[in-house]
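So this one's structure.pdb, PDB, C-alpha atoms and all ligand atoms:
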ATOM      1  CA  MET A   1     -33.362 -47.462   4.495
ATOM      2  CA  LYS A   2     -32.555 -51.154   4.048
ATOM      3  CA  LYS A   3     -36.198 -51.856   3.149
ATOM      4  CA  LEU A   4     -36.026 -49.171   0.471
ATOM      5  CA  LEU A   5     -32.770 -50.546  -0.892
ATOM      6  CA  ASP A   6     -34.303 -54.028  -1.069
ATOM      7  CA  LYS A   7     -36.909 -52.654  -3.459
ATOM      8  CA  ILE A   8     -34.316 -51.391  -5.913
ATOM      9  CA  ASP A   9     -33.707 -53.429  -9.028
ATOM     10  CA  TYR A  10     -30.025 -53.010  -9.817
ATOM     11  CA  ASN A  11     -30.585 -54.282 -13.335
ATOM     12  CA  ASN A  12     -32.971 -51.470 -14.141
ATOM     13  CA  LEU A  13     -31.199 -48.356 -12.926
ATOM     14  CA  PRO A  14     -31.426 -45.132 -14.904
ATOM     15  CA  ASN A  15     -28.192 -44.383 -16.702
ATOM     16  CA  HIS A  16     -28.582 -40.624 -16.339
ATOM     17  CA  VAL A  17     -30.596 -38.828 -13.638
ATOM     18  CA  ALA A  18     -31.035 -35.046 -13.723
ATOM     19  CA  ILE A  19     -32.293 -33.046 -10.765
ATOM     20  CA  ILE A  20     -33.983 -29.642 -10.601
ATOM     21  CA  MET A  21     -33.097 -28.727  -7.027
ATOM     22  CA  ASP A  22     -35.929 -26.312  -6.283
ATOM     23  CA  GLY A  23     -37.487 -24.787  -3.173
ATOM     24  CA  ASN A  24     -34.539 -23.406  -1.193
ATOM     25  CA  GLY A  25     -36.076 -19.944  -0.891
ATOM     26  CA  ARG A  26     -39.471 -21.208   0.272
ATOM     27  CA  TRP A  27     -37.822 -23.556   2.753
ATOM     28  CA  ALA A  28     -36.038 -20.616   4.381
ATOM     29  CA  GLU A  29     -39.012 -18.263   4.209
ATOM     30  CA  LYS A  30     -41.171 -20.841   6.014
ATOM     31  CA  ARG A  31     -38.699 -20.553   8.880
ATOM     32  CA  GLY A  32     -38.638 -16.766   8.834
ATOM     33  CA  LYS A  33     -35.087 -16.758   7.462
ATOM     34  CA  LEU A  34     -33.421 -15.198   4.435
ATOM     35  CA  ARG A  35     -33.550 -17.173   1.174
ATOM     36  CA  THR A  36     -29.776 -17.584   1.364
ATOM     37  CA  PHE A  37     -30.201 -19.797   4.416
ATOM     38  CA  GLY A  38     -32.156 -22.209   2.228
ATOM     39  CA  HIS A  39     -29.380 -22.257  -0.370
ATOM     40  CA  GLU A  40     -26.844 -23.019   2.363
ATOM     41  CA  ARG A  41     -28.914 -25.874   3.714
ATOM     42  CA  GLY A  42     -29.423 -27.217   0.208
ATOM     43  CA  ILE A  43     -25.773 -28.234   0.198
ATOM     44  CA  TYR A  44     -26.512 -31.079   2.641
ATOM     45  CA  SER A  45     -29.095 -32.387   0.201
ATOM     46  CA  VAL A  46     -26.603 -32.215  -2.649
ATOM     47  CA  LYS A  47     -24.091 -34.262  -0.647
ATOM     48  CA  ASP A  48     -26.628 -36.851   0.433
ATOM     49  CA  THR A  49     -28.010 -37.242  -3.078
ATOM     50  CA  ILE A  50     -24.545 -37.649  -4.581
ATOM     51  CA  ASN A  51     -23.847 -40.366  -2.001
ATOM     52  CA  GLY A  52     -27.113 -42.106  -2.883
ATOM     53  CA  CYS A  53     -26.298 -41.966  -6.562
ATOM     54  CA  LYS A  54     -22.853 -43.398  -5.968
ATOM     55  CA  GLU A  55     -24.166 -46.162  -3.675
ATOM     56  CA  LEU A  56     -26.545 -47.332  -6.377
ATOM     57  CA  GLY A  57     -23.903 -47.040  -9.059
ATOM     58  CA  ILE A  58     -25.832 -44.687 -11.348
ATOM     59  CA  PRO A  59     -23.212 -43.562 -13.879
ATOM     60  CA  TYR A  60     -24.408 -40.008 -14.685
ATOM     61  CA  MET A  61     -26.099 -37.363 -12.594
ATOM     62  CA  THR A  62     -26.760 -33.765 -13.622
ATOM     63  CA  LEU A  63     -27.604 -31.146 -11.016
ATOM     64  CA  PHE A  64     -29.344 -27.910 -12.024
ATOM     65  CA  VAL A  65     -27.386 -25.499  -9.859
ATOM     66  CA  PHE A  66     -28.075 -22.129 -11.488
ATOM     67  CA  SER A  67     -30.070 -21.230 -14.589
ATOM     68  CA  SER A  68     -29.372 -18.467 -17.093
ATOM     69  CA  GLU A  69     -32.695 -16.955 -16.019
ATOM     70  CA  ASN A  70     -31.532 -16.951 -12.394
ATOM     71  CA  TRP A  71     -29.203 -14.055 -13.319
ATOM     72  CA  SER A  72     -32.304 -11.863 -13.258
ATOM     73  CA  ARG A  73     -32.736 -12.379  -9.495
ATOM     74  CA  PRO A  74     -31.886  -9.507  -7.100
ATOM     75  CA  LYS A  75     -28.159  -8.780  -7.046
ATOM     76  CA  LYS A  76     -27.980  -9.565  -3.341
ATOM     77  CA  GLU A  77     -29.250 -13.105  -3.868
ATOM     78  CA  ILE A  78     -26.904 -13.696  -6.810
ATOM     79  CA  ASP A  79     -23.930 -12.384  -4.839
ATOM     80  CA  SER A  80     -24.680 -14.664  -1.939
ATOM     81  CA  LEU A  81     -25.203 -17.655  -4.234
ATOM     82  CA  MET A  82     -21.878 -17.009  -5.967
ATOM     83  CA  HIS A  83     -20.193 -16.594  -2.600
ATOM     84  CA  LEU A  84     -21.689 -19.905  -1.536
ATOM     85  CA  PHE A  85     -20.435 -21.678  -4.687
ATOM     86  CA  HIS A  86     -17.014 -20.269  -4.196
ATOM     87  CA  THR A  87     -16.656 -21.121  -0.519
ATOM     88  CA  ASN A  88     -18.022 -24.632  -1.000
ATOM     89  CA  LEU A  89     -16.447 -25.638  -4.275
ATOM     90  CA  LYS A  90     -13.051 -26.468  -2.835
ATOM     91  CA  ILE A  91     -14.231 -28.615   0.060
ATOM     92  CA  HIS A  92     -16.999 -30.436  -1.730
ATOM     93  CA  LEU A  93     -15.302 -30.996  -5.039
ATOM     94  CA  GLU A  94     -12.361 -32.451  -3.137
ATOM     95  CA  GLU A  95     -14.782 -34.911  -1.488
ATOM     96  CA  ILE A  96     -16.241 -35.730  -4.866
ATOM     97  CA  HIS A  97     -12.753 -36.461  -6.139
ATOM     98  CA  GLU A  98     -12.179 -38.803  -3.170
ATOM     99  CA  LYS A  99     -15.326 -40.647  -4.217
ATOM    100  CA  ASN A 100     -13.649 -41.193  -7.592
ATOM    101  CA  LEU A 101     -16.317 -39.167  -9.419
ATOM    102  CA  LYS A 102     -15.591 -37.100 -12.495
ATOM    103  CA  ILE A 103     -16.870 -33.526 -12.588
ATOM    104  CA  ILE A 104     -17.967 -31.700 -15.679
ATOM    105  CA  THR A 105     -19.998 -28.537 -16.216
ATOM    106  CA  ILE A 106     -22.587 -27.474 -18.756
ATOM    107  CA  GLY A 107     -23.785 -23.914 -19.371
ATOM    108  CA  GLU A 108     -22.277 -20.511 -20.009
ATOM    109  CA  ILE A 109     -19.420 -20.977 -17.593
ATOM    110  CA  GLY A 110     -17.790 -17.788 -18.907
ATOM    111  CA  ARG A 111     -20.457 -15.736 -17.126
ATOM    112  CA  LEU A 112     -19.215 -16.928 -13.733
ATOM    113  CA  SER A 113     -16.435 -15.090 -11.901
ATOM    114  CA  ASN A 114     -12.850 -15.860 -12.900
ATOM    115  CA  LEU A 115     -12.231 -17.301  -9.479
ATOM    116  CA  ILE A 116     -15.109 -19.781  -9.744
ATOM    117  CA  GLN A 117     -14.129 -20.677 -13.301
ATOM    118  CA  LYS A 118     -10.570 -21.346 -12.238
ATOM    119  CA  GLU A 119     -11.728 -23.590  -9.414
ATOM    120  CA  LEU A 120     -14.059 -25.506 -11.727
ATOM    121  CA  PHE A 121     -11.395 -26.041 -14.389
ATOM    122  CA  PHE A 122      -8.973 -27.209 -11.732
ATOM    123  CA  PHE A 123     -11.402 -29.880 -10.526
ATOM    124  CA  MET A 124     -12.471 -30.922 -13.997
ATOM    125  CA  LYS A 125      -8.841 -31.572 -14.825
ATOM    126  CA  LYS A 126      -8.130 -33.263 -11.526
ATOM    127  CA  THR A 127     -11.126 -35.612 -11.769
ATOM    128  CA  LYS A 128     -11.016 -36.326 -15.477
ATOM    129  CA  ASN A 129      -9.756 -39.902 -15.090
ATOM    130  CA  ASN A 130     -12.096 -40.852 -12.241
ATOM    131  CA  THR A 131     -14.188 -43.895 -12.985
ATOM    132  CA  SER A 132     -16.998 -44.285 -10.408
ATOM    133  CA  GLY A 133     -19.446 -41.959 -12.156
ATOM    134  CA  THR A 134     -19.864 -38.510 -13.673
ATOM    135  CA  LEU A 135     -21.373 -35.533 -11.905
ATOM    136  CA  ILE A 136     -22.521 -32.798 -14.250
ATOM    137  CA  LEU A 137     -23.072 -29.319 -12.825
ATOM    138  CA  ALA A 138     -25.450 -27.131 -14.845
ATOM    139  CA  LEU A 139     -24.282 -23.598 -14.149
ATOM    140  CA  SER A 140     -25.678 -20.547 -15.904
ATOM    141  CA  TYR A 141     -27.504 -23.099 -18.028
ATOM    142  CA  SER A 142     -30.396 -22.610 -20.455
ATOM    143  CA  ALA A 143     -31.550 -25.396 -22.769
ATOM    144  CA  ARG A 144     -32.801 -22.943 -25.388
ATOM    145  CA  GLU A 145     -29.449 -21.154 -25.405
ATOM    146  CA  GLU A 146     -27.716 -24.508 -25.741
ATOM    147  CA  ILE A 147     -29.909 -25.480 -28.705
ATOM    148  CA  LEU A 148     -29.464 -22.055 -30.350
ATOM    149  CA  ARG A 149     -25.722 -22.235 -29.878
ATOM    150  CA  ALA A 150     -25.609 -25.662 -31.531
ATOM    151  CA  THR A 151     -27.824 -24.446 -34.375
ATOM    152  CA  LYS A 152     -25.594 -21.442 -35.033
ATOM    153  CA  ASN A 153     -22.435 -23.579 -35.023
ATOM    154  CA  ILE A 154     -23.969 -26.008 -37.479
ATOM    155  CA  ALA A 155     -25.386 -23.220 -39.691
ATOM    156  CA  LYS A 156     -21.936 -21.647 -39.839
ATOM    157  CA  LYS A 157     -20.409 -24.888 -41.105
ATOM    158  CA  VAL A 158     -23.129 -25.234 -43.750
ATOM    159  CA  TYR A 159     -22.628 -21.604 -44.786
ATOM    160  CA  GLN A 160     -18.883 -22.174 -45.118
ATOM    161  CA  GLY A 161     -19.571 -25.170 -47.329
ATOM    162  CA  LEU A 162     -18.000 -27.592 -44.830
ATOM    163  CA  LEU A 163     -21.220 -29.472 -44.348
ATOM    164  CA  SER A 164     -24.304 -30.448 -46.291
ATOM    165  CA  LEU A 165     -27.830 -30.460 -44.881
ATOM    166  CA  GLU A 166     -28.021 -34.259 -45.190
ATOM    167  CA  ASP A 167     -25.250 -34.590 -42.615
ATOM    168  CA  ILE A 168     -27.448 -33.078 -39.919
ATOM    169  CA  ASP A 169     -29.235 -35.844 -38.058
ATOM    170  CA  ASN A 170     -30.062 -36.475 -34.389
ATOM    171  CA  SER A 171     -26.634 -37.669 -33.466
ATOM    172  CA  PHE A 172     -24.869 -34.903 -35.381
ATOM    173  CA  PHE A 173     -26.988 -32.255 -33.682
ATOM    174  CA  ASN A 174     -26.474 -33.903 -30.313
ATOM    175  CA  ASN A 175     -22.734 -33.679 -30.852
ATOM    176  CA  HIS A 176     -23.006 -29.889 -30.888
ATOM    177  CA  LEU A 177     -24.610 -29.650 -27.453
ATOM    178  CA  TYR A 178     -22.793 -29.149 -24.133
ATOM    179  CA  THR A 179     -23.830 -32.717 -23.332
ATOM    180  CA  LYS A 180     -22.287 -34.233 -26.446
ATOM    181  CA  ASP A 181     -20.421 -36.947 -24.567
ATOM    182  CA  LEU A 182     -23.290 -37.814 -22.244
ATOM    183  CA  PRO A 183     -26.189 -40.229 -22.593
ATOM    184  CA  TYR A 184     -29.744 -38.873 -22.858
ATOM    185  CA  VAL A 185     -31.576 -38.299 -19.587
ATOM    186  CA  ASP A 186     -33.658 -41.205 -18.245
ATOM    187  CA  LEU A 187     -35.146 -39.548 -15.195
ATOM    188  CA  ILE A 188     -35.741 -35.931 -14.182
ATOM    189  CA  ILE A 189     -36.490 -35.265 -10.532
ATOM    190  CA  ARG A 190     -37.890 -31.879  -9.489
ATOM    191  CA  THR A 191     -38.447 -30.940  -5.868
ATOM    192  CA  SER A 192     -40.724 -28.271  -4.344
ATOM    193  CA  GLY A 193     -43.994 -29.198  -6.035
ATOM    194  CA  GLU A 194     -43.484 -27.215  -9.240
ATOM    195  CA  GLN A 195     -44.265 -29.305 -12.292
ATOM    196  CA  ARG A 196     -42.246 -27.763 -15.091
ATOM    197  CA  LEU A 197     -38.839 -28.097 -16.692
ATOM    198  CA  SER A 198     -37.778 -24.432 -16.461
ATOM    199  CA  ASN A 199     -35.563 -24.627 -19.549
ATOM    200  CA  PHE A 200     -33.570 -27.644 -18.360
ATOM    201  CA  LEU A 201     -32.132 -30.246 -20.779
ATOM    202  CA  LEU A 202     -35.024 -29.927 -23.236
ATOM    203  CA  TRP A 203     -33.376 -31.890 -26.039
ATOM    204  CA  GLN A 204     -31.805 -34.508 -23.776
ATOM    205  CA  SER A 205     -34.987 -35.254 -21.823
ATOM    206  CA  ALA A 206     -37.227 -35.916 -24.827
ATOM    207  CA  TYR A 207     -37.972 -39.410 -23.481
ATOM    208  CA  ALA A 208     -37.114 -38.893 -19.812
ATOM    209  CA  GLU A 209     -39.481 -39.996 -17.076
ATOM    210  CA  LEU A 210     -40.524 -37.044 -14.918
ATOM    211  CA  TYR A 211     -40.769 -37.316 -11.151
ATOM    212  CA  PHE A 212     -42.170 -34.468  -9.069
ATOM    213  CA  THR A 213     -42.129 -34.325  -5.289
ATOM    214  CA  ASN A 214     -43.458 -31.666  -2.908
ATOM    215  CA  ILE A 215     -40.360 -31.969  -0.720
ATOM    216  CA  LEU A 216     -38.406 -28.698  -0.707
ATOM    217  CA  TRP A 217     -34.798 -29.212  -1.778
ATOM    218  CA  PRO A 218     -33.161 -28.607   1.669
ATOM    219  CA  ASP A 219     -35.325 -31.449   3.061
ATOM    220  CA  PHE A 220     -34.490 -33.871   0.235
ATOM    221  CA  ARG A 221     -32.386 -36.818   1.397
ATOM    222  CA  LYS A 222     -30.932 -40.040   0.081
ATOM    223  CA  LYS A 223     -34.091 -41.979   0.975
ATOM    224  CA  ASP A 224     -36.147 -39.559  -1.150
ATOM    225  CA  PHE A 225     -33.739 -40.153  -3.998
ATOM    226  CA  PHE A 226     -34.159 -43.926  -3.613
ATOM    227  CA  GLU A 227     -37.940 -43.468  -3.657
ATOM    228  CA  ALA A 228     -37.680 -41.570  -6.931
ATOM    229  CA  ILE A 229     -35.595 -44.407  -8.381
ATOM    230  CA  ILE A 230     -38.136 -47.031  -7.244
ATOM    231  CA  ASN A 231     -40.929 -44.957  -8.769
ATOM    232  CA  TYR A 232     -38.949 -44.758 -12.033
ATOM    233  CA  GLN A 233     -38.495 -48.524 -12.038
ATOM    234  CA  ASN A 234     -42.269 -48.984 -11.987
ATOM    235  CA  ARG A 235     -42.788 -46.952 -15.155
ATOM    236  CA  LYS A 236     -43.343 -48.541 -18.537
ATOM    237  CA  ARG A 237     -41.040 -46.871 -21.024
ATOM    238  CA  ARG A 238     -42.243 -47.404 -24.542
ATOM    239  CA  PHE A 239     -40.380 -44.835 -26.677
ATOM    240  CA  GLY A 240     -43.332 -44.738 -29.043
ATOM    241  CA  ASN A 241     -43.337 -48.489 -29.498
ATOM    242  CA  VAL A 242     -46.119 -50.911 -28.497
ATOM    243  CA  LYS A 243     -44.183 -53.329 -26.323
TER
HETATM  244  C1  LIG B   1     -33.518 -23.358  -6.132
HETATM  245  O1  LIG B   1     -34.278 -22.784  -5.126
HETATM  246  C2  LIG B   1     -32.113 -22.808  -6.182
HETATM  247  C3  LIG B   1     -31.852 -21.927  -7.327
HETATM  248  C4  LIG B   1     -32.685 -21.668  -8.283
HETATM  249  C5  LIG B   1     -30.540 -21.293  -7.383
HETATM  250  P1  LIG B   1     -35.016 -21.421  -5.323
HETATM  251  O2  LIG B   1     -34.100 -20.310  -4.980
HETATM  252  O3  LIG B   1     -35.633 -21.332  -6.664
HETATM  253  O4  LIG B   1     -36.159 -21.514  -4.219
HETATM  254  P2  LIG B   1     -37.695 -21.179  -4.403
HETATM  255  O5  LIG B   1     -38.180 -21.920  -5.587
HETATM  256  O6  LIG B   1     -37.793 -19.701  -4.582
HETATM  257  O7  LIG B   1     -38.329 -21.631  -3.128
HETATM  258  C1  LIG B   2     -34.930 -23.850 -11.739
HETATM  259  O1  LIG B   2     -35.560 -23.307 -10.628
HETATM  260  C2  LIG B   2     -33.454 -23.562 -11.687
HETATM  261  C3  LIG B   2     -32.694 -24.270 -10.666
HETATM  262  C4  LIG B   2     -33.159 -25.151  -9.817
HETATM  263  C5  LIG B   2     -31.280 -23.970 -10.631
HETATM  264  P1  LIG B   2     -36.242 -21.869 -10.659
HETATM  265  O2  LIG B   2     -36.764 -21.619  -9.289
HETATM  266  O3  LIG B   2     -35.302 -20.880 -11.212
HETATM  267  O4  LIG B   2     -37.429 -22.090 -11.705
HETATM  268  P2  LIG B   2     -38.811 -21.312 -11.873
HETATM  269  O5  LIG B   2     -38.512 -19.850 -11.948
HETATM  270  O6  LIG B   2     -39.648 -21.626 -10.667
HETATM  271  O7  LIG B   2     -39.413 -21.886 -13.109
HETATM  272 MG    MG B   3     -37.407 -21.925  -7.467
END

The structure given in the file should be rewritten as structure tokens.
Ligand code: IPE
Ligand code: IPE
Ligand code: MG
Amino acid sequence: MKKLLDKIDYNNLPNHVAIIMDGNGRWAEKRGKLRTFGHERGIYSVKDTINGCKELGIPYMTLFVFSSENWSRPKKEIDSLMHLFHTNLKIHLEEIHEKNLKIITIGEIGRLSNLIQKELFFFMKKTKNNTSGTLILALSYSAREEILRATKNIAKKVYQGLLSLEDIDNSFFNNHLYTKDLPYVDLIIRTSGEQRLSNFLLWQSAYAELYFTNILWPDFRKKDFFEAIINYQNRKRRFGNVK
């Protein structure tokens, strides 16, 4: 681990890392277990990755916990996932608070149960003044929905005559997204070997570096996170320029 840490350039850390935590079901199926077992084990990976992020001092990390499309999964899997969120929220969010991290959520939080919503709001309030970093949980999240929602809000203001078309630029549009107070994404990590974004942070990741690993999420550990960061630091980011 020390060797890996030695390779990290603390002056070139990503400001915002977003992770598509994929492969829980396959991890469990490989062991002849129910998919739920994989989701349960994935919690260890979440904890370890959050610790890694905090150790490096990366200010923003977004975790893709549940997509809007995931609602179409069998009811049994959704029920067990929601049960898992609920039973783990209290313990883990308390730990996150002790680490002085701020918690926020993005997505259609209103689709979650009242109990889960209440718990989330409680922790968002409790952690709102924490200063060691921000952990963003994408729950019932769809980037297209987010973009449509912003578009409708803006169109409404134009229609009501409160706004002219010239006012709508990148930053104005960005201010209508769930992520309005967050920086754009620098690095997206996806586990499990799939190489797609699955409707995650499409606007925010326009210039993100993409890192794919075959590791299934329940096997992903801090050292794998550090490797992704080192890989990111070896990229040349040009943003369309020639430098
Ligand atoms: C990611 O693992 C967790 C969620 C989407 C909630 P999956 O459940 O997608 O696992 P695989 O991709 O089927 O292995
Ligand atoms: C993306 O994984 C969503 C989360 C990790 C929460 P999926 O497993 O839902 O994505 P697809 O279906 O393989 O694209
Ligand atoms: Mg998957």

Problem - Target residues per the PyMOL selection byres (((chain A and resi 205-219) around 7) and not hetatm), formatted as a VMD selection string - result: chain A and resid 21 to 24 27 38 41 to 42 45 184 to 193 195 201 to 204 220 to 221 228 232 239

Take every atom of stretch 133-147 of chain A listed in the file, pad by 6 Å on each side, and give me the axis-aligned box centre and edge lengths in Å, one decimal, as AutoDock Vina command-line options.
--center_x -26.1 --center_y -31.3 --center_z -20.3 --size_x 25.4 --size_y 33.4 --size_z 28.8

Exercise for the section: Using all atoms listed in the file, pick whichever of A:Lys128, A:Arg235, A:His39, A:His16 has the shortest atom-to-atom distance to ligand LIG 1 (chain B). Expected result: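 When distances to ligand LIG 1 (chain B) are compared using all atoms listed in the file, the smallest one comes from A:His39.
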
Problem - Chain and number of each residue from the PyMOL selection byres (((not hetatm)) within 9 of (chain B and resi 2)), as a PyMOL selection string - result: chain A and resi 19-25+63-70+138-141+190-191+194-200

Practice task
Mind giving me the straight-line distance from atom CA of A:Arg144 to atom CA of A:Ser72 in Å, one decimal?
Solution key: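 Atom-to-atom, atom CA of A:Arg144 to atom CA of A:Ser72, that is 16.4 Å.
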
Practice task
With a distance cut-off of 8 Å and all atoms listed in the file, select the neighbouring residues of stretch 132-135 of chain A, excluding the residue or stretch itself and same-chain residues fewer than 6 positions from it, and output the selection as a list in words.
Solution key: Lys54, Gly57, Ile58, Pro59, Tyr60, Met61, Thr62, Leu63, Lys99, Asn100, Leu101, Lys102, Ile103 and Ile104 of chain A

Handout entry: A:Asp48, A:Asp6, A:Glu145, A:Glu77 ranked by distance to ligand LIG 1 (chain B), top pick (using all atoms listed in the file)
Key =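 Nearest to ligand LIG 1 (chain B): A:Glu77.
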
Problem - Selected residue of minimal separation from A:Leu93 among A:Leu115, A:Val46, A:Leu56, A:Ile78, counting all atoms listed in the file - result: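 Using all atoms listed in the file, the shortest distance to A:Leu93 belongs to A:Val46.
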
Practice task
Can you turn the PyMOL selection byres (((chain A and resi 89) around 12) and not hetatm) into a concrete residue list for this file, as a list of chain:residue names?
Solution key: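 For this structure, the PyMOL selection byres (((chain A and resi 89) around 12) and not hetatm) captures A:Ile43, A:Leu81, A:Met82, A:His83, A:Leu84, A:Phe85, A:His86, A:Thr87, A:Asn88, A:Lys90, A:Ile91, A:His92, A:Leu93, A:Glu94, A:Glu95, A:Ile96, A:His97, A:Ile103, A:Leu115, A:Ile116, A:Gln117, A:Lys118, A:Glu119, A:Leu120, A:Phe121, A:Phe122, A:Phe123, A:Met124, A:Leu137.
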
Exercise for the section: Mind giving me the straight-line distance from atom CA of A:Lys2 to atom CA of A:Asn234 in Å, one decimal? Expected result: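 According to the coordinates, atom CA of A:Lys2 and atom CA of A:Asn234 are separated by 18.9 Å.
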
Problem - Counting all atoms listed in the file, the option among A:Arg31, A:Glu40, A:Trp71, A:Arg26 closest to ligand MG 3 (chain B) - result: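 The answer is A:Arg26, which sits nearest to ligand MG 3 (chain B).
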
Practice task
Figure out the distance between atom CA of A:Asn153 and atom CA of A:Asn175, please, to one decimal in Å.
Solution key: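 Going from atom CA of A:Asn175 over to atom CA of A:Asn153, I get 10.9 Å.
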
Exercise for the section: Determine the nearest neighbour of ligand LIG 1 (chain B) from the options A:Pro74, A:Pro14, A:Gly240, A:Gly52, counting only C-alpha atoms and all ligand atoms. Expected result: A:Pro74

Handout entry: Nearby residues (all atoms listed in the file) at most 9 Å from A:Leu4, same-chain spacing under 6 positions excluded, as number ranges by chain
Key = A: 223, 226-227, 230

Handout entry: Option closest in space to ligand MG 3 (chain B), from A:Arg238, A:Arg149, A:Arg73, A:His176 [counting only C-alpha atoms and all ligand atoms]
Key = A:Arg73
